[in-house]
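Structure data follow from my_file.pdb (PDB, C-alpha atoms and all ligand atoms):
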```pdb
ATOM      1  CA  MET A   1     110.616  96.463 122.165
ATOM      2  CA  ILE A   2     110.531  96.746 118.361
ATOM      3  CA  GLY A   3     113.502  95.489 116.418
ATOM      4  CA  ARG A   4     114.284  95.593 112.715
ATOM      5  CA  LEU A   5     112.025  96.941 109.995
ATOM      6  CA  ASN A   6     110.840  93.711 108.400
ATOM      7  CA  HIS A   7     108.994  95.253 105.444
ATOM      8  CA  VAL A   8     107.027  98.170 104.081
ATOM      9  CA  ALA A   9     103.819  97.138 102.316
ATOM     10  CA  ILE A  10     102.523  99.090  99.337
ATOM     11  CA  ALA A  11      99.003  98.528  98.006
ATOM     12  CA  VAL A  12      98.999  98.534  94.203
ATOM     13  CA  PRO A  13      96.115  98.628  91.700
ATOM     14  CA  ASP A  14      98.112  96.751  89.019
ATOM     15  CA  LEU A  15     100.454  94.107  90.398
ATOM     16  CA  GLU A  16     102.166  93.331  87.091
ATOM     17  CA  ALA A  17     102.883  97.008  86.404
ATOM     18  CA  ALA A  18     104.171  97.558  89.950
ATOM     19  CA  THR A  19     106.405  94.474  89.696
ATOM     20  CA  LYS A  20     107.843  95.764  86.430
ATOM     21  CA  THR A  21     108.511  99.168  87.984
ATOM     22  CA  TYR A  22     110.492  97.627  90.838
ATOM     23  CA  ARG A  23     112.299  95.102  88.639
ATOM     24  CA  ASP A  24     112.958  97.082  85.454
ATOM     25  CA  VAL A  25     112.974 100.734  86.525
ATOM     26  CA  LEU A  26     114.396 100.440  90.050
ATOM     27  CA  GLY A  27     116.476  97.338  89.306
ATOM     28  CA  ALA A  28     115.368  95.360  92.356
ATOM     29  CA  LYS A  29     115.093  91.613  92.847
ATOM     30  CA  VAL A  30     111.396  90.624  92.864
ATOM     31  CA  SER A  31     109.606  87.336  93.620
ATOM     32  CA  GLU A  32     106.859  85.589  91.720
ATOM     33  CA  PRO A  33     103.356  86.645  92.858
ATOM     34  CA  GLN A  34     102.222  84.643  95.880
ATOM     35  CA  ALA A  35      98.508  84.208  96.664
ATOM     36  CA  GLU A  36      97.620  84.615 100.333
ATOM     37  CA  PRO A  37      93.910  83.698 100.386
ATOM     38  CA  ASP A  38      93.754  83.831 104.202
ATOM     39  CA  HIS A  39      94.793  87.492 104.067
ATOM     40  CA  GLY A  40      92.868  88.479 100.931
ATOM     41  CA  VAL A  41      95.965  89.566  99.031
ATOM     42  CA  THR A  42      98.409  88.520  96.352
ATOM     43  CA  VAL A  43     101.955  89.563  97.297
ATOM     44  CA  VAL A  44     105.140  90.217  95.360
ATOM     45  CA  PHE A  45     108.218  90.447  97.576
ATOM     46  CA  VAL A  46     110.896  92.976  96.620
ATOM     47  CA  GLU A  47     114.195  92.003  98.231
ATOM     48  CA  LEU A  48     116.421  94.881  99.296
ATOM     49  CA  ASP A  49     119.731  94.581 101.123
ATOM     50  CA  ASN A  50     118.358  95.819 104.429
ATOM     51  CA  THR A  51     114.621  95.107 104.250
ATOM     52  CA  LYS A  52     111.755  94.070 101.970
ATOM     53  CA  ILE A  53     108.989  95.864 100.139
ATOM     54  CA  GLU A  54     105.754  93.931  99.732
ATOM     55  CA  LEU A  55     103.529  94.833  96.823
ATOM     56  CA  LEU A  56      99.948  93.967  97.839
ATOM     57  CA  HIS A  57      97.079  93.439  95.436
ATOM     58  CA  PRO A  58      93.513  92.505  96.447
ATOM     59  CA  LEU A  59      92.542  88.828  96.211
ATOM     60  CA  GLY A  60      88.922  87.693  96.519
ATOM     61  CA  GLU A  61      85.703  89.469  97.409
ATOM     62  CA  ASP A  62      86.425  91.154 100.724
ATOM     63  CA  SER A  63      90.117  91.952 100.599
ATOM     64  CA  PRO A  64      91.274  94.116 103.524
ATOM     65  CA  ILE A  65      93.076  96.420 101.073
ATOM     66  CA  ALA A  66      90.127  96.965  98.685
ATOM     67  CA  GLY A  67      88.861  99.977 100.641
ATOM     68  CA  TYR A  68      92.335 101.495 100.749
ATOM     69  CA  LEU A  69      92.719 101.206  96.974
ATOM     70  CA  ALA A  70      89.239 102.649  96.417
ATOM     71  CA  LYS A  71      90.433 105.779  98.259
ATOM     72  CA  ASN A  72      94.006 105.738  96.923
ATOM     73  CA  THR A  73      93.460 104.837  93.302
ATOM     74  CA  SER A  74      97.108 104.953  92.250
ATOM     75  CA  GLY A  75      98.129 102.865  95.282
ATOM     76  CA  GLY A  76     100.110 103.911  98.324
ATOM     77  CA  MET A  77     101.945 102.875 101.458
ATOM     78  CA  HIS A  78      99.683 100.518 103.382
ATOM     79  CA  HIS A  79     101.651  99.455 106.470
ATOM     80  CA  VAL A  80     105.072  99.052 108.041
ATOM     81  CA  CYS A  81     106.133  95.843 109.775
ATOM     82  CA  TYR A  82     108.441  95.810 112.776
ATOM     83  CA  GLU A  83     109.989  92.679 114.212
ATOM     84  CA  VAL A  84     109.465  91.669 117.829
ATOM     85  CA  GLU A  85     110.928  88.750 119.737
ATOM     86  CA  ASP A  86     107.799  87.830 121.685
ATOM     87  CA  ILE A  87     104.535  88.898 120.094
ATOM     88  CA  LEU A  88     102.308  88.081 123.091
ATOM     89  CA  ALA A  89     104.529  90.043 125.470
ATOM     90  CA  ALA A  90     104.576  92.931 122.948
ATOM     91  CA  ARG A  91     100.781  92.830 122.643
ATOM     92  CA  ASP A  92     100.251  92.835 126.399
ATOM     93  CA  LYS A  93     102.620  95.763 126.834
ATOM     94  CA  LEU A  94     100.873  97.736 124.059
ATOM     95  CA  VAL A  95      97.415  97.083 125.503
ATOM     96  CA  GLU A  96      98.730  98.213 128.878
ATOM     97  CA  GLU A  97      99.930 101.431 127.191
ATOM     98  CA  GLY A  98      96.455 101.993 125.740
ATOM     99  CA  ALA A  99      97.150 100.984 122.121
ATOM    100  CA  ARG A 100      94.435  99.167 120.204
ATOM    101  CA  ILE A 101      95.056  95.833 118.480
ATOM    102  CA  LEU A 102      92.986  95.187 115.348
ATOM    103  CA  GLY A 103      90.747  92.129 115.023
ATOM    104  CA  SER A 104      90.469  89.547 117.769
ATOM    105  CA  GLY A 105      93.744  90.572 119.404
ATOM    106  CA  GLU A 106      95.156  87.109 118.812
ATOM    107  CA  PRO A 107      98.145  86.748 116.447
ATOM    108  CA  LYS A 108      97.483  85.295 112.995
ATOM    109  CA  ILE A 109     100.001  83.516 110.804
ATOM    110  CA  GLY A 110     101.275  86.067 108.270
ATOM    111  CA  ALA A 111     102.739  85.910 104.783
ATOM    112  CA  HIS A 112     106.091  84.689 106.152
ATOM    113  CA  LYS A 113     104.488  81.857 108.192
ATOM    114  CA  LYS A 114     105.176  83.764 111.414
ATOM    115  CA  PRO A 115     102.696  85.182 113.963
ATOM    116  CA  VAL A 116     101.577  88.760 113.236
ATOM    117  CA  LEU A 117      99.321  91.422 114.755
ATOM    118  CA  PHE A 118      98.128  94.777 113.423
ATOM    119  CA  LEU A 119      97.912  97.935 115.549
ATOM    120  CA  HIS A 120      95.331 100.686 115.112
ATOM    121  CA  PRO A 121      96.654 103.468 112.834
ATOM    122  CA  LYS A 122      95.059 106.172 115.002
ATOM    123  CA  ASP A 123      97.353 105.153 117.856
ATOM    124  CA  PHE A 124     100.496 105.315 115.657
ATOM    125  CA  ASN A 125     100.432 108.632 113.818
ATOM    126  CA  GLY A 126      98.114 107.484 111.070
ATOM    127  CA  THR A 127     100.267 104.500 110.134
ATOM    128  CA  LEU A 128      99.022 100.936 110.165
ATOM    129  CA  VAL A 129     101.672  98.954 112.056
ATOM    130  CA  GLU A 130     102.204  95.202 111.754
ATOM    131  CA  LEU A 131     104.248  93.341 114.347
ATOM    132  CA  GLU A 132     105.883  90.074 113.358
ATOM    133  CA  GLN A 133     107.485  87.634 115.746
ATOM    134  CA  VAL A 134     110.859  86.507 114.396
TER     135      VAL A 134
HETATM  136 CO    CO A 201     102.878  92.996 106.105
END
```
Would you mind writing the file's structure down as structure tokens?
Amino acid sequence: MIGRLNHVAIAVPDLEAATKTYRDVLGAKVSEPQAEPDHGVTVVFVELDNTKIELLHPLGEDSPIAGYLAKNTSGGMHHVCYEVEDILAARDKLVEEGARILGSGEPKIGAHKKPVLFLHPKDFNGTLVELEQV
């Protein structure tokens, strides 16, 4: 069911410092910061040949990554995103298999303007999983 790894998201306490690390130390191509008010984050996209890294920084009062950064003060891996062809079919299959979908269970439009869902980390080895329809 899952296809390519679309991105790995890393929560960072200092977006400018993290961007510099990826651009200047690791020599990667990085985007300008992009505010995603609907998702409570500002994102910098790091373009790699085979996938992307997304640097996430909290935006606004109740950012979904604020709690994570409170526990992981130097930042850390927040989620992985796998591509699926049909997100509703994928969701129905996962629910049938007993996996829990976070939130309402209905796809939201993600940072790439495509429908996304998040799966409960306890059902996936302690890893928050995002599915994106491509
Ligand atoms: Co993501």
**Asked** Hey, what's within 8 Å of region 18-25 of chain A if we count only C-alpha atoms and toss same-chain stuff fewer than 4 positions away? As a list in words, please?
**Response**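 My list of contacting residues is Val12, Asp14, Lys29, Val30, Val44, Val46 and Leu55 of chain A.
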**Message:** Applying 12 Å and all atoms listed in the file, which residues near Val95 (chain A) remain after dropping the ones on its own chain fewer than 5 positions away? List them as a PyMOL selection string.
**Reply:** chain A and resi 88-90+100-102+105+119-120+123
Those residues with C-alpha atoms, as a tab-separated table (two decimals), in the frame of the given file please?
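Heads up, here's the output in out_27.tsv:
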```tsv
chain	number	residue	atom	x	y	z
A	88	LEU	CA	102.31	88.08	123.09
A	89	ALA	CA	104.53	90.04	125.47
A	90	ALA	CA	104.58	92.93	122.95
A	100	ARG	CA	94.44	99.17	120.20
A	101	ILE	CA	95.06	95.83	118.48
A	102	LEU	CA	92.99	95.19	115.35
A	105	GLY	CA	93.74	90.57	119.40
A	119	LEU	CA	97.91	97.94	115.55
A	120	HIS	CA	95.33	100.69	115.11
A	123	ASP	CA	97.35	105.15	117.86
```
**Request:** Check what the PyMOL selection byres (((chain A and resi 82) around 7) and not hetatm) selects in the file above and give those residues as a list of chain:residue names.
**Result:**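 Applied to this file, the PyMOL selection byres (((chain A and resi 82) around 7) and not hetatm) selects A:Ile2, A:Gly3, A:Arg4, A:Leu5, A:Asn6, A:Val80, A:Cys81, A:Glu83, A:Val84, A:Glu130, A:Leu131, A:Glu132.
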**Request:** Can you work out the spacing between atom CO of ligand CO 201 (chain A) and CA of Val41 (chain A) in Å, to one decimal?
**Result:**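 Result for atom CO of ligand CO 201 (chain A) versus CA of Val41 (chain A): 10.5 Å, one decimal.
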**Request:** Collect all residues with atoms no farther than 12 Å from ligand CO 201 (chain A), counting only C-alpha atoms and all ligand atoms, and output them as a ChimeraX atom specification.
**Result:** /A:5-11,36,39,41-45,52-56,64-65,77-83,108-119,128-133
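CA of Gly103 (chain A) lies 22.5 Å from CA of Gly76 (chain A).
Our summary of the geometry notes that CA of Ser63 (chain A) is positioned 20.0 Å from CA of Glu32 (chain A).
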Find the smallest box with edges along x, y and z containing every listed atom of region 121-124 of chain A, then add 6 Å on each side and report centre and edge lengths in Å to one decimal, as AutoDock Vina command-line options.
```
--center_x 97.8 --center_y 104.8 --center_z 115.3 --size_x 17.4 --size_y 14.7 --size_z 17.0
```
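Distance annotation: of A:Glu16, A:Glu85, A:Glu106, A:Asp38, the residue with the minimal separation from Met1 (chain A) is A:Glu85; atom set is all atoms listed in the file.
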**Prompt:** So which one's closest to Gln34 (chain A), A:Leu94, A:Leu59, A:Ile87, A:Leu69? Using only C-alpha atoms, please.
**Reply:**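 For Gln34 (chain A), the nearest of the given residues is A:Leu59.
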